[in-house]
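Data first, discussion second: the structure below is written as C-alpha cells.
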Amino acid sequence: MEREKKKRILPLIRNMGGVILGMTLLSSCFQQASSGKRTNSDFVVNSPSSVSTGYGRVLEDNPIILSGNASLSPEYNLGLLLRSGQEYISESQFLEGSCLNLEDCFRAREASNVALIQATDNKWAFQTTTSSFLQVQTFAHIKRILNKFHSNISTHFSLVNGGLKYKSAVPDLLMVSKSYWKNDKTLEGYALCDLEDNASFSAANYELCMGYDSIYENLKFSQDNTVIYHEVGHAMVDIMMNMRNNNQNYLDSTFVERSDLGYLSYDEAGAINEGLADYFSYFMNQRTHFGEWALGRVSFQSRPMSESDPIHAAGISTASNERLSYPTYLNYDPNQKSKILEDIHYAGQIMSHFLVAFTQDVQDRCKLTNEKAIEYTLFNITESLAELGDLTTKASDHYSASNNINLNKTYASLFVSALRPIDYRSFSQTFAKNVMRTFGNSATGMCAVAYQQDYIESLLDQYGLLLFRNYNDSLNGDGGTGLSDRIVIAGNRKKSELISKSVLKLEDRTGKVQAIVVDSQESMKAVRTALVGSGQIAPLSSRIDSDLGYNNANGKISPGEFVGLLVNLRNTSNSTVSGVRLIGSDWAHFYKDTTTATPTAKPCNIDSYPNAGAVGTDTNANSSCADLTIDELTDGTAANTEYLTYKHFPSCMVQINDANGTRMASQKELMEKISLTQNKCLDPNDPKSCFIRIPRGGDYAWYSRIEAGATWIERFVDSSTGKPKIKTGNLIYLEVSPDIPAGTVFSCRFRASFTNCSDCFDNGTNTDFKDSHYMEDDPYKIIKFEFTVTD
Ligand SMILES: [Zn+2]
C-alpha cells in the first residue's frame, strides 16, 4: 500500500523493460516535433562573458523538441541546444523572483538542504552540465509560467471587476489580499532533488522537487521545462482552489482552512488536478503533449492531451464518438495500452483532453487565436476552482448570504473532501456554468458570436461528462443565490450514462467476501505513520496501544486494533459505475424517541432497518428522520444542540441485548450498559464513538470504477500475487476499543455514492439536492455492514 500526499508527475511505476531496448519503439511513443532542428552554426558557449548583466541562458523547450529528434541520446550534450538569445534572469544576488506586488514569492536552488547560489559577475550563464545551470533553468521556467499565470489573473480580474455583471468567484479584494498567491509563502523550486525517476509538488511545503533519471545520470527532470510547468501547475491549482479562503484569511486571520483538489491516493479531484497540471504545459507552449524528454525518453511515461496524438490506441480519435471518454478510459495508459491502472495521472487525461478539445472548439467558434482561447479557458478554470474550493461557503462576494457552497463553515472541509467531493460531474457542471457566463455572454467580448449551450453540452457528452441535469446557477446551498438554474437539453445526453444508486450492493454471492480487514501490525503502523504524518488524520486514541500490539493479522476486527476496512461493493447493473466513494463519517441517522420518560436517541429506520416492520407503525422514527434544516447544522443554535444530541451519530451502531430483546443502539448505550466510565472511551469527550471510532480523514474511501456485475477487487488485481492492489485511499479506518466485550456485534451504515449516478445528486428532477441533505441518506445508497468483534 502506498499513499502519496505529494502530487507526483508519474505514477510510481516504471516500465523498466523498455529502457535498454526501447530505441525501435521510440518513434511511436512521441509526438513528432515539426520544428526546432538545430545546426551547429548557432552553437554558443554559455559563459558570463557571453551574456549581459542579470542575464543567462536556458533551454527554450525540452531537448526532444529542440533537437527535433525523438530518439535523442540521454547522454547528448545539451549545450548544443542552447540558442544565442539571452534570457533575463535576475539582478538580485540570488535566484529569487516576485509575483505581481509580492516580493520574493519564489526561488530556486539545488535542493532543500543546499544554499542558494550567487551570480557570477552578476550573470547567470553556466555550462549545461552544472547544477547551477539547472537552477537557473528551473528558476527561469518557474518565472515564465508565474508571469503568464499572473498576467492572466490580472486580465481576468479587470474583466470581472470592470462592470461585467456576473457573480464571479474571484474576490473583490484579490489584489489587496494578494490571494493570487499563497499567503506569504515562498515557492521553492528544487532543481536537483533527491527523487528518483520523478518530480513532485507539495502544497503543504510549497515546494517542487525535480528529480533525476536512475539509469542515465545526465538526464535530469529540470532539463524538461514542460515538467516544470506541470509541477508549477499544481501550485496554481492550489492558489485557484484557495483564492477565496486566502482572501478570507486576509479579512480574518483566524480563518486558516484551505482546501485541496484531491485528498486520497486516488480520487477524481486528484485526477482533475493532474489533468489541469498537464494543461498548464499546453498553456505555456500550445503543444498537446508534454514531458517528452524527462518522462518519455527512457521511461515511456510522457502524456498526450489530444486524441490526435499518434501515441493513442486504435479507436481513439477526435471524432465525436472516439474521444477519450469517461468512464471508459479512466484506467488507460497510452504507453501501456493493455494495462489496467487505477492512478490519478491516467484518469486525469480525460480532463486534459476535454480541456484541449474545448479550447479548440472556442478557438474555432469564437474566432480566437489559440493563445487567447487558452487564456479565456483558464478564466473559467479559475472561476470553477475558486467556487468549488471555497470553505467560506459564500461562492461569490456578490451573493448576500453564506451557505451557498460546501454546506456551511462547520462542515465545509468534510463536505469538500468526503460528502460531496469535487468529481468529474461537479467540475463539468461548474465549468459549464462559467462557460455560459463568459463565452456564452457577448457582453464579455470573449466570443464573436455568443457560444451556445448546445456546444458545451455536446462536447461534454462526447467525453461522457454530461452527467448533470442542470447548471446549478442557484447553487444547492441553503443561502440562496437568487439565480435560477439553466437546464441541460436532455437530447444532448447521448453518450453520458446515468445509473441508479440502487445498483450498488454489499457483495452477497456465495464464496465471496463482504470485506477485507487489513490488520497486520506492520502494515497498519506504516499506514498510521503515513496518515498521521501527512495530517490526513489526527493521532490515534490513547486507548489504542502505541505499538499497535493488539493488531494480530487474522483478518478480523479484534479489540484494541487499528484496522483498514475494504467494504466489498458489487455493481449489480449492466454498466460501469465510476467514481465510487464510501463514507463512514457521522451523520443524521438517529432520532429523538420521546415515547419514554427520558427521551433517547434511537436509530431511524432506513430501508426497513433496524426494525423491520416498524416503518408503518413507528411514525415517530420516520417523521424524525425527515430532512434536516440548515438551522440544525448551524453551530450555537438550540436546534443544533438537539441535532447533535439526538440525530448526529457515528455510522457504526451496536447490538444490545436487554429486557426488551435484541436491538441496535448507540455506542453510548453500550457504555452505560457495561458501566464503562466515559474516560475509557476512545475519545473521552465523545461517548457516541466510545468503542468504534472512524477518525476524520480516514472516514471515506474511493474506487475509480466497478464493472458491470462485479466488485472492485476483481478488476484491480496484482498479476504477480493474484491479490487486489489496495492503496490507503481504498480503505476506511477503524479504531477498535480494547474494552469491547468479545462477541459484540456492530452494524455500520456506510453511505455510498458515485459520479455517473442518476439519483445521487438530485432525485431525478432538474434540481440538485441541497447541501444539508448530504448529512442524511437522500443522496446515498446505504450500505449496511455488520461485524462481530472477536479476539
Ligand atoms: Zn502531477
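By convention here, the chains of the C-alpha cells are called A, B, ... in the order presented, each chain's residues are numbered starting at 1, and ligands are numbered starting at 1 in the order presented.
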DSSP strand (DSSP E) residues within range 494-636 of chain A, as a PyMOL selection string: chain A and resi 504-506+515-518+562-567+569-571+577-583+587-588+590-593+600-603
All helix (DSSP H, G or I) positions in range 515-622 of chain A, as a PyMOL selection string: chain A and resi 521-533+614-617+619-622
Just write the chosen residues, C-alpha atoms, as an mmCIF file, in the first residue's frame.
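The new file result_35.cif reads:
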data_model
loop_
_atom_site.group_PDB
_atom_site.id
_atom_site.type_symbol
_atom_site.label_atom_id
_atom_site.label_comp_id
_atom_site.auth_asym_id
_atom_site.auth_seq_id
_atom_site.Cartn_x
_atom_site.Cartn_y
_atom_site.Cartn_z
ATOM 1 C CA GLN A 521 0.761 -4.706 12.868
ATOM 2 C CA GLU A 522 3.406 -3.872 10.299
ATOM 3 C CA SER A 523 1.038 -2.650 7.581
ATOM 4 C CA MET A 524 -1.103 -0.626 9.913
ATOM 5 C CA LYS A 525 1.867 1.016 11.591
ATOM 6 C CA ALA A 526 3.031 2.144 8.166
ATOM 7 C CA VAL A 527 -0.459 3.385 7.333
ATOM 8 C CA ARG A 528 -0.703 5.248 10.630
ATOM 9 C CA THR A 529 2.666 6.911 10.013
ATOM 10 C CA ALA A 530 1.549 7.990 6.551
ATOM 11 C CA LEU A 531 -1.918 9.235 7.526
ATOM 12 C CA VAL A 532 -0.904 10.987 10.729
ATOM 13 C CA GLY A 533 2.328 12.301 9.222
ATOM 14 C CA ALA A 614 -41.665 -0.697 12.200
ATOM 15 C CA VAL A 615 -41.840 1.595 9.205
ATOM 16 C CA GLY A 616 -45.614 1.653 9.094
ATOM 17 C CA THR A 617 -46.178 1.860 12.826
ATOM 18 C CA THR A 619 -44.295 7.199 12.954
ATOM 19 C CA ASN A 620 -42.010 8.867 15.432
ATOM 20 C CA ALA A 621 -38.976 7.170 13.923
ATOM 21 C CA ASN A 622 -39.932 8.050 10.405
#
Proximity to His345 in chain A - best of A:Tyr332, A:Tyr733, A:Phe201, A:Trp712, only C-alpha atoms: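 Closest candidate: A:Tyr332.
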A:Thr629, A:Thr662, A:Ser417, A:Asn273 ranked by distance to ligand 1, top pick (using only C-alpha atoms and all ligand atoms):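 Ranking A:Thr629, A:Thr662, A:Ser417, A:Asn273 by distance to ligand 1, first place goes to A:Asn273.
Comparing A:Cys757, A:Ile381, A:Ile142, A:Val435 by their smallest distance to Ile499 in chain A, the closest is A:Cys757 (using only C-alpha atoms).
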